[in-house]
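A.B. asks: So that you have it, the file is entry12.pdb, and it contains PDB, C-alpha atoms, pLDDT in the B column:
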ATOM      1  CA  MET A 119      94.072 114.212 104.131  1.00 95.00           C
ATOM      2  CA  ASN A 120      94.685 114.970 107.803  1.00 97.00           C
ATOM      3  CA  THR A 121      96.714 112.292 109.583  1.00 98.00           C
ATOM      4  CA  ALA A 122      97.385 111.691 113.261  1.00 98.00           C
ATOM      5  CA  VAL A 123     100.201 109.493 114.528  1.00 98.00           C
ATOM      6  CA  LEU A 124      99.605 108.475 118.133  1.00 98.00           C
ATOM      7  CA  GLN A 125     102.408 108.539 120.675  1.00 98.00           C
ATOM      8  CA  PHE A 126     102.459 106.330 123.747  1.00 97.00           C
ATOM      9  CA  PRO A 127     105.198 106.052 126.358  1.00 96.00           C
ATOM     10  CA  GLY A 128     107.540 103.650 124.560  1.00 96.00           C
ATOM     11  CA  SER A 129     106.529 104.381 120.952  1.00 96.00           C
ATOM     12  CA  ASN A 130     109.581 104.456 118.687  1.00 95.00           C
ATOM     13  CA  CYS A 131     108.251 104.298 115.121  1.00 96.00           C
ATOM     14  CA  ASP A 132     106.136 107.433 115.307  1.00 97.00           C
ATOM     15  CA  GLU A 133     108.572 109.709 113.477  1.00 97.00           C
ATOM     16  CA  ASP A 134     109.027 107.097 110.740  1.00 97.00           C
ATOM     17  CA  ALA A 135     105.256 107.118 110.219  1.00 98.00           C
ATOM     18  CA  VAL A 136     105.229 110.929 110.033  1.00 98.00           C
ATOM     19  CA  LYS A 137     107.943 110.857 107.368  1.00 97.00           C
ATOM     20  CA  ALA A 138     106.059 108.213 105.380  1.00 98.00           C
ATOM     21  CA  ILE A 139     102.927 110.374 105.385  1.00 98.00           C
ATOM     22  CA  THR A 140     104.892 113.499 104.481  1.00 97.00           C
ATOM     23  CA  GLN A 141     106.498 111.693 101.547  1.00 96.00           C
ATOM     24  CA  THR A 142     103.115 110.395 100.392  1.00 96.00           C
ATOM     25  CA  THR A 143     100.910 113.451 100.849  1.00 95.00           C
ATOM     26  CA  GLY A 144     103.322 116.381 101.004  1.00 95.00           C
ATOM     27  CA  LYS A 145     101.649 117.289 104.309  1.00 92.00           C
ATOM     28  CA  PRO A 146     103.145 116.252 107.658  1.00 92.00           C
ATOM     29  CA  ALA A 147     101.129 114.103 109.994  1.00 96.00           C
ATOM     30  CA  GLU A 148     100.425 115.451 113.463  1.00 97.00           C
ATOM     31  CA  LEU A 149     101.960 113.680 116.446  1.00 98.00           C
ATOM     32  CA  VAL A 150      99.209 113.183 119.025  1.00 98.00           C
ATOM     33  CA  TRP A 151      99.933 112.220 122.641  1.00 98.00           C
ATOM     34  CA  HIS A 152      97.974 109.250 123.993  1.00 97.00           C
ATOM     35  CA  THR A 153      95.943 111.390 126.406  1.00 97.00           C
ATOM     36  CA  ALA A 154      94.056 113.035 123.508  1.00 97.00           C
ATOM     37  CA  GLU A 155      90.298 112.536 123.724  1.00 97.00           C
ATOM     38  CA  ASP A 156      89.234 113.955 120.357  1.00 97.00           C
ATOM     39  CA  LEU A 157      90.488 112.754 116.959  1.00 98.00           C
ATOM     40  CA  SER A 158      87.546 114.031 114.936  1.00 97.00           C
ATOM     41  CA  ALA A 159      89.772 116.289 112.810  1.00 97.00           C
ATOM     42  CA  PHE A 160      91.667 113.360 111.279  1.00 98.00           C
ATOM     43  CA  ASP A 161      90.967 111.213 108.224  1.00 97.00           C
ATOM     44  CA  LEU A 162      93.703 108.677 108.992  1.00 98.00           C
ATOM     45  CA  ILE A 163      95.008 107.605 112.392  1.00 98.00           C
ATOM     46  CA  ILE A 164      98.217 105.606 112.651  1.00 98.00           C
ATOM     47  CA  VAL A 165      98.927 103.571 115.770  1.00 98.00           C
ATOM     48  CA  PRO A 166     102.683 103.089 115.383  1.00 98.00           C
ATOM     49  CA  GLY A 167     105.204 100.478 116.383  1.00 97.00           C
ATOM     50  CA  GLY A 168     107.401 100.414 119.446  1.00 96.00           C
ATOM     51  CA  PHE A 169     107.005  99.118 122.975  1.00 95.00           C
ATOM     52  CA  SER A 170     104.081 101.002 124.480  1.00 95.00           C
ATOM     53  CA  TYR A 171     104.406 101.041 128.254  1.00 93.00           C
ATOM     54  CA  GLY A 172     107.443  98.807 127.881  1.00 91.00           C
ATOM     55  CA  ASP A 173     105.204  95.904 126.793  1.00 90.00           C
ATOM     56  CA  TYR A 174     104.543  95.312 130.491  1.00 87.00           C
ATOM     57  CA  LEU A 175     101.793  92.816 131.280  1.00 84.00           C
ATOM     58  CA  ARG A 176     101.323  92.033 127.569  1.00 89.00           C
ATOM     59  CA  SER A 177     102.083  93.895 124.337  1.00 92.00           C
ATOM     60  CA  GLY A 178      99.425  96.574 123.864  1.00 92.00           C
ATOM     61  CA  ALA A 179      97.460  95.549 126.953  1.00 93.00           C
ATOM     62  CA  ILE A 180      98.037  98.811 128.845  1.00 95.00           C
ATOM     63  CA  ALA A 181      97.955 101.171 125.863  1.00 95.00           C
ATOM     64  CA  ARG A 182      94.439  99.986 124.999  1.00 95.00           C
ATOM     65  CA  PHE A 183      93.191 101.908 128.075  1.00 95.00           C
ATOM     66  CA  SER A 184      94.679 105.237 126.945  1.00 96.00           C
ATOM     67  CA  PRO A 185      92.054 107.965 126.320  1.00 97.00           C
ATOM     68  CA  ALA A 186      93.172 108.175 122.695  1.00 97.00           C
ATOM     69  CA  MET A 187      92.004 104.632 122.039  1.00 98.00           C
ATOM     70  CA  SER A 188      88.421 105.561 122.860  1.00 97.00           C
ATOM     71  CA  ALA A 189      88.833 108.360 120.336  1.00 98.00           C
ATOM     72  CA  VAL A 190      90.260 105.889 117.804  1.00 98.00           C
ATOM     73  CA  ARG A 191      87.198 103.696 118.244  1.00 98.00           C
ATOM     74  CA  GLU A 192      84.918 106.697 117.659  1.00 98.00           C
ATOM     75  CA  ALA A 193      86.923 107.690 114.587  1.00 98.00           C
ATOM     76  CA  ALA A 194      86.693 104.176 113.156  1.00 98.00           C
ATOM     77  CA  GLU A 195      82.952 104.143 113.738  1.00 97.00           C
ATOM     78  CA  ARG A 196      82.537 107.354 111.730  1.00 96.00           C
ATOM     79  CA  GLY A 197      84.581 105.854 108.878  1.00 97.00           C
ATOM     80  CA  ALA A 198      88.072 107.251 109.391  1.00 98.00           C
ATOM     81  CA  TYR A 199      90.966 105.017 108.330  1.00 98.00           C
ATOM     82  CA  VAL A 200      93.021 103.417 111.100  1.00 98.00           C
ATOM     83  CA  LEU A 201      96.378 101.740 110.530  1.00 98.00           C
ATOM     84  CA  GLY A 202      98.046  99.798 113.330  1.00 98.00           C
ATOM     85  CA  ILE A 203     101.649  98.758 112.687  1.00 98.00           C
ATOM     86  CA  CYS A 204     103.445  96.126 114.790  1.00 98.00           C
ATOM     87  CA  ASN A 205     102.814  97.302 118.377  1.00 98.00           C
ATOM     88  CA  GLY A 206      99.923  99.284 116.910  1.00 98.00           C
ATOM     89  CA  PHE A 207      98.447  96.010 115.599  1.00 98.00           C
ATOM     90  CA  GLN A 208      98.812  94.527 119.066  1.00 98.00           C
ATOM     91  CA  ILE A 209      97.031  97.529 120.587  1.00 98.00           C
ATOM     92  CA  LEU A 210      94.156  97.306 118.093  1.00 98.00           C
ATOM     93  CA  THR A 211      93.574  93.630 118.883  1.00 98.00           C
ATOM     94  CA  GLU A 212      93.751  94.287 122.624  1.00 97.00           C
ATOM     95  CA  ALA A 213      91.202  97.091 122.172  1.00 97.00           C
ATOM     96  CA  GLY A 214      88.861  94.793 120.242  1.00 97.00           C
ATOM     97  CA  LEU A 215      89.047  96.842 117.049  1.00 98.00           C
ATOM     98  CA  LEU A 216      90.456  93.819 115.218  1.00 98.00           C
ATOM     99  CA  PRO A 217      89.942  90.090 115.823  1.00 98.00           C
ATOM    100  CA  GLY A 218      92.606  87.826 117.220  1.00 98.00           C
ATOM    101  CA  ALA A 219      95.639  88.219 119.441  1.00 98.00           C
ATOM    102  CA  LEU A 220      99.406  88.523 119.040  1.00 97.00           C
ATOM    103  CA  ARG A 221     101.463  85.990 120.989  1.00 97.00           C
ATOM    104  CA  ARG A 222     105.165  85.377 121.494  1.00 96.00           C
ATOM    105  CA  ASN A 223     106.994  84.340 118.335  1.00 97.00           C
ATOM    106  CA  GLU A 224     107.018  80.581 117.989  1.00 96.00           C
ATOM    107  CA  SER A 225     110.820  80.624 118.189  1.00 96.00           C
ATOM    108  CA  LEU A 226     110.692  82.725 121.385  1.00 95.00           C
ATOM    109  CA  GLN A 227     113.203  84.983 119.645  1.00 96.00           C
ATOM    110  CA  TYR A 228     112.995  88.549 118.366  1.00 95.00           C
ATOM    111  CA  ARG A 229     112.905  88.645 114.555  1.00 96.00           C
ATOM    112  CA  CYS A 230     114.200  91.537 112.432  1.00 97.00           C
ATOM    113  CA  ALA A 231     114.420  91.094 108.650  1.00 97.00           C
ATOM    114  CA  ILE A 232     112.898  92.071 105.319  1.00 98.00           C
ATOM    115  CA  VAL A 233     110.344  89.375 104.548  1.00 98.00           C
ATOM    116  CA  PRO A 234     108.231  88.514 101.493  1.00 98.00           C
ATOM    117  CA  LEU A 235     104.484  88.992 101.809  1.00 98.00           C
ATOM    118  CA  THR A 236     101.669  87.921  99.519  1.00 98.00           C
ATOM    119  CA  VAL A 237      98.917  90.457  98.848  1.00 98.00           C
ATOM    120  CA  VAL A 238      95.664  88.564  99.414  1.00 98.00           C
ATOM    121  CA  ARG A 239      93.321  91.359  98.305  1.00 97.00           C
ATOM    122  CA  ALA A 240      93.997  94.404  96.142  1.00 97.00           C
ATOM    123  CA  ASP A 241      90.497  95.878  96.282  1.00 97.00           C
ATOM    124  CA  THR A 242      90.648  97.605  99.673  1.00 98.00           C
ATOM    125  CA  PRO A 243      91.528 101.165 100.750  1.00 97.00           C
ATOM    126  CA  PHE A 244      94.888  99.877 101.975  1.00 98.00           C
ATOM    127  CA  THR A 245      95.905  97.691  99.025  1.00 98.00           C
ATOM    128  CA  SER A 246      94.556  99.255  95.830  1.00 97.00           C
ATOM    129  CA  GLY A 247      98.110 100.068  94.750  1.00 97.00           C
ATOM    130  CA  TYR A 248      99.036  96.388  94.633  1.00 98.00           C
ATOM    131  CA  THR A 249      97.785  93.437  92.603  1.00 98.00           C
ATOM    132  CA  THR A 250      96.174  90.349  94.098  1.00 98.00           C
ATOM    133  CA  GLY A 251      98.740  87.600  94.570  1.00 98.00           C
ATOM    134  CA  GLU A 252     101.684  89.996  94.219  1.00 98.00           C
ATOM    135  CA  GLU A 253     104.753  89.317  96.336  1.00 98.00           C
ATOM    136  CA  ILE A 254     106.096  92.368  98.144  1.00 98.00           C
ATOM    137  CA  TYR A 255     108.933  92.917 100.601  1.00 98.00           C
ATOM    138  CA  ILE A 256     108.359  94.654 103.944  1.00 98.00           C
ATOM    139  CA  PRO A 257     110.566  94.663 107.077  1.00 98.00           C
ATOM    140  CA  ILE A 258     109.541  93.047 110.349  1.00 98.00           C
ATOM    141  CA  ALA A 259     110.898  93.747 113.833  1.00 97.00           C
ATOM    142  CA  HIS A 260     109.020  92.010 116.622  1.00 97.00           C
ATOM    143  CA  GLY A 261     109.075  89.446 119.389  1.00 96.00           C
ATOM    144  CA  ASP A 262     105.302  89.104 119.755  1.00 97.00           C
ATOM    145  CA  GLY A 263     104.064  88.766 116.187  1.00 97.00           C
ATOM    146  CA  ASN A 264     102.491  85.323 116.309  1.00 98.00           C
ATOM    147  CA  TYR A 265      98.919  86.061 115.192  1.00 98.00           C
ATOM    148  CA  TYR A 266      96.256  83.747 116.551  1.00 98.00           C
ATOM    149  CA  VAL A 267      92.526  83.257 116.085  1.00 98.00           C
ATOM    150  CA  ASP A 268      90.481  80.111 116.643  1.00 98.00           C
ATOM    151  CA  ASP A 269      89.342  78.025 113.695  1.00 98.00           C
ATOM    152  CA  ALA A 270      85.796  79.381 113.686  1.00 98.00           C
ATOM    153  CA  THR A 271      86.959  82.995 113.673  1.00 98.00           C
ATOM    154  CA  LEU A 272      89.519  82.260 110.977  1.00 98.00           C
ATOM    155  CA  ALA A 273      86.849  80.712 108.762  1.00 98.00           C
ATOM    156  CA  LEU A 274      84.623  83.757 109.284  1.00 98.00           C
ATOM    157  CA  MET A 275      87.490  86.123 108.467  1.00 98.00           C
ATOM    158  CA  GLU A 276      88.201  84.184 105.284  1.00 97.00           C
ATOM    159  CA  GLN A 277      84.542  84.387 104.313  1.00 97.00           C
ATOM    160  CA  ARG A 278      84.456  88.145 104.943  1.00 98.00           C
ATOM    161  CA  GLY A 279      87.741  88.825 103.170  1.00 98.00           C
ATOM    162  CA  GLN A 280      89.441  90.290 106.225  1.00 98.00           C
ATOM    163  CA  ILE A 281      92.902  88.843 105.545  1.00 98.00           C
ATOM    164  CA  LEU A 282      94.949  91.300 103.460  1.00 98.00           C
ATOM    165  CA  PHE A 283      98.533  90.058 103.790  1.00 98.00           C
ATOM    166  CA  ARG A 284     100.136  86.684 104.366  1.00 98.00           C
ATOM    167  CA  TYR A 285     103.771  85.793 104.785  1.00 98.00           C
ATOM    168  CA  ALA A 286     104.955  84.116 101.602  1.00 98.00           C
ATOM    169  CA  LYS A 287     105.040  80.330 101.647  1.00 93.00           C
ATOM    170  CA  GLU A 288     107.805  78.968 103.892  1.00 95.00           C
ATOM    171  CA  HIS A 289     108.662  82.506 105.081  1.00 97.00           C
ATOM    172  CA  ASN A 290     106.463  82.722 108.179  1.00 98.00           C
ATOM    173  CA  PRO A 291     108.813  84.316 110.747  1.00 97.00           C
ATOM    174  CA  ASN A 292     106.714  83.957 113.881  1.00 98.00           C
ATOM    175  CA  GLY A 293     104.280  81.030 113.623  1.00 98.00           C
ATOM    176  CA  SER A 294     101.187  83.096 112.816  1.00 98.00           C
ATOM    177  CA  VAL A 295      98.135  80.990 112.057  1.00 98.00           C
ATOM    178  CA  ASP A 296      97.509  80.600 108.326  1.00 98.00           C
ATOM    179  CA  ASP A 297     100.672  82.693 107.699  1.00 98.00           C
ATOM    180  CA  ILE A 298      98.662  85.862 108.460  1.00 98.00           C
ATOM    181  CA  ALA A 299     100.628  89.129 108.426  1.00 98.00           C
ATOM    182  CA  GLY A 300      97.823  91.694 108.235  1.00 98.00           C
ATOM    183  CA  VAL A 301      94.055  91.811 108.763  1.00 98.00           C
ATOM    184  CA  MET A 302      91.298  94.410 108.588  1.00 98.00           C
ATOM    185  CA  ASN A 303      87.962  94.854 110.313  1.00 98.00           C
ATOM    186  CA  GLU A 304      84.707  93.759 108.728  1.00 97.00           C
ATOM    187  CA  ARG A 305      83.862  97.329 107.657  1.00 97.00           C
ATOM    188  CA  GLY A 306      87.182  97.619 105.841  1.00 97.00           C
ATOM    189  CA  ASN A 307      88.598 100.834 107.335  1.00 98.00           C
ATOM    190  CA  VAL A 308      90.882  99.441 110.060  1.00 98.00           C
ATOM    191  CA  LEU A 309      94.069  97.547 109.191  1.00 98.00           C
ATOM    192  CA  GLY A 310      96.546  95.930 111.537  1.00 98.00           C
ATOM    193  CA  MET A 311      99.806  94.416 110.311  1.00 98.00           C
ATOM    194  CA  MET A 312     103.023  93.241 111.937  1.00 98.00           C
ATOM    195  CA  PRO A 313     105.408  94.248 109.084  1.00 98.00           C
ATOM    196  CA  HIS A 314     106.498  97.901 108.908  1.00 98.00           C
ATOM    197  CA  PRO A 315     105.451  99.607 105.626  1.00 98.00           C
ATOM    198  CA  GLU A 316     106.830 102.925 106.897  1.00 98.00           C
ATOM    199  CA  ARG A 317     110.301 101.345 106.759  1.00 98.00           C
ATOM    200  CA  ALA A 318     109.884 100.359 103.112  1.00 98.00           C
ATOM    201  CA  MET A 319     109.535 103.764 101.472  1.00 98.00           C
ATOM    202  CA  HIS A 320     112.716 103.791  99.328  1.00 97.00           C
ATOM    203  CA  GLU A 321     114.617 101.210  97.330  1.00 96.00           C
ATOM    204  CA  TRP A 322     117.815 102.255  99.085  1.00 95.00           C
ATOM    205  CA  LEU A 323     116.211 100.998 102.303  1.00 91.00           C
ATOM    206  CA  GLY A 324     115.823  97.574 100.686  1.00 95.00           C
ATOM    207  CA  SER A 325     112.271  98.019  99.418  1.00 97.00           C
ATOM    208  CA  ALA A 326     109.801 100.726  98.405  1.00 98.00           C
ATOM    209  CA  ASP A 327     106.817  98.376  98.587  1.00 98.00           C
ATOM    210  CA  GLY A 328     105.469 100.014 101.728  1.00 98.00           C
ATOM    211  CA  ALA A 329     105.050 103.339  99.941  1.00 98.00           C
ATOM    212  CA  ARG A 330     102.214 101.890  97.877  1.00 98.00           C
ATOM    213  CA  LEU A 331     100.193 101.139 101.000  1.00 98.00           C
ATOM    214  CA  PHE A 332     100.200 104.788 102.051  1.00 98.00           C
ATOM    215  CA  ALA A 333      99.531 105.863  98.460  1.00 98.00           C
ATOM    216  CA  SER A 334      96.544 103.494  98.374  1.00 98.00           C
ATOM    217  CA  ILE A 335      95.005 105.155 101.422  1.00 98.00           C
ATOM    218  CA  LEU A 336      95.551 108.619  99.960  1.00 97.00           C
ATOM    219  CA  THR A 337      94.030 107.642  96.603  1.00 96.00           C
ATOM    220  CA  THR A 338      90.980 106.116  98.294  1.00 96.00           C
ATOM    221  CA  TRP A 339      90.499 109.188 100.479  1.00 95.00           C
ATOM    222  CA  ARG A 340      90.814 111.544  97.507  1.00 93.00           C
ATOM    223  CA  ASN A 341      88.324 109.554  95.447  1.00 91.00           C
ATOM    224  CA  ALA A 342      85.820 109.495  98.298  1.00 86.00           C
ATOM    225  CA  HIS A 343      86.355 113.211  99.004  1.00 79.00           C
ATOM    226  CA  GLU A 344      85.915 114.188  95.353  1.00 74.00           C
ATOM    227  CA  HIS A 345      82.777 112.046  95.065  1.00 65.00           C
ATOM    228  CA  ALA A 346      81.299 113.643  98.196  1.00 68.00           C
ATOM    229  CA  ASN A 347      81.932 117.132  96.807  1.00 65.00           C
ATOM    230  CA  ALA A 348      80.728 116.376  93.280  1.00 59.00           C
TER
END
Kindly present the structure from the file in structure tokens form.

C.D. replies:
Amino acid sequence: MNTAVLQFPGSNCDEDAVKAITQTTGKPAELVWHTAEDLSAFDLIIVPGGFSYGDYLRSGAIARFSPAMSAVREAAERGAYVLGICNGFQILTEAGLLPGALRRNESLQYRCAIVPLTVVRADTPFTSGYTTGEEIYIPIAHGDGNYYVDDATLALMEQRGQILFRYAKEHNPNGSVDDIAGVMNERGNVLGMMPHPERAMHEWLGSADGARLFASILTTWRNAHEHANA
């Protein structure tokens, strides 16, 4: 599996994502600068956390215009996996690759902690290593993680099964509607989430629950690749 980790001015979780992929696949991801116009060589594209363009104007609002985001859209359309983490989630919503928007935390304070999440679905490329309803622990670190969609869109997302992670009951750190922590597109190959799975790769970090997300993607890719070559 070939993986690209995008780099924008202000990205700061890119190397963590590379290490997570290396641990999972044994093959380093490639760091790709945001001016890249062709991502056709990659099976998985990670849009990492950080503060792209200093979060000026609005988190992710400037990065969405980078040439690489047009390439991400093309990659998603051909079926490549796309994972947006924290600022990457914000960028994907700004680019229209995922529904909704990320607003200031309800508390108006930056939140950094390991939080419990509930796995809503375990039958997707991103969550096959979990069980439905399982509680996992993944770190957060954000000031603009308050996920919002209107009621009609939320109902449609529920119907389509686009919600993959929720903050556990009474552990919503940012005011996100319906306790949403992570959503995917209707096709099921683009995931955005505010928590950082790349920071939950070892128990000595406080949790290894994030490792199973990357393993899920690899397993899905391998199964699809083997089936295509059968």

A.B. asks: Please identify all polymer residues within 10 Å of Tyr199 (chain A), counting only C-alpha atoms, omitting same-chain residues fewer than 6 positions from it, and present them as a list in words.

C.D. replies: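 My list of contacting residues is Thr121, Phe160, Asp161, Leu162, Ile163, Ile164, Val190, Ala193, Pro243, Phe244, Gly306, Asn307, Val308, Leu309, Ile335 and Trp339 of chain A.
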
A.B. asks: Please compute the CA of Glu252 (chain A)-CA of Arg330 (chain A) distance, one decimal, in Å.

C.D. replies: 12.5 Å

A.B. asks: Using the chain letters and numbers from the file, which residues does the PyMOL selection byres ((chain A and resi 170) around 9) grab, as a ChimeraX atom specification?

C.D. replies: /A:125-130,167-169,171-174,177-181,205-206,209

A.B. asks: CA of Ala333 (chain A) and CA of His314 (chain A) are how many Å apart?

C.D. replies: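 That distance, rounded to one decimal, is 14.9 Å.
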
A.B. asks: Can you pull out the residues contacting Gly279 (chain A)? Cut-off 10 Å, using all atoms listed in the file, and skip same-chain residues under 3 positions away; I want them as a PyMOL selection string.

C.D. replies: chain A and resi 238-239+242+273-276+282+301-304+306

A.B. asks: Just how far from CA of Asp134 (chain A) is CA of Glu316 (chain A), in Å to one decimal?

C.D. replies: 6.1 Å
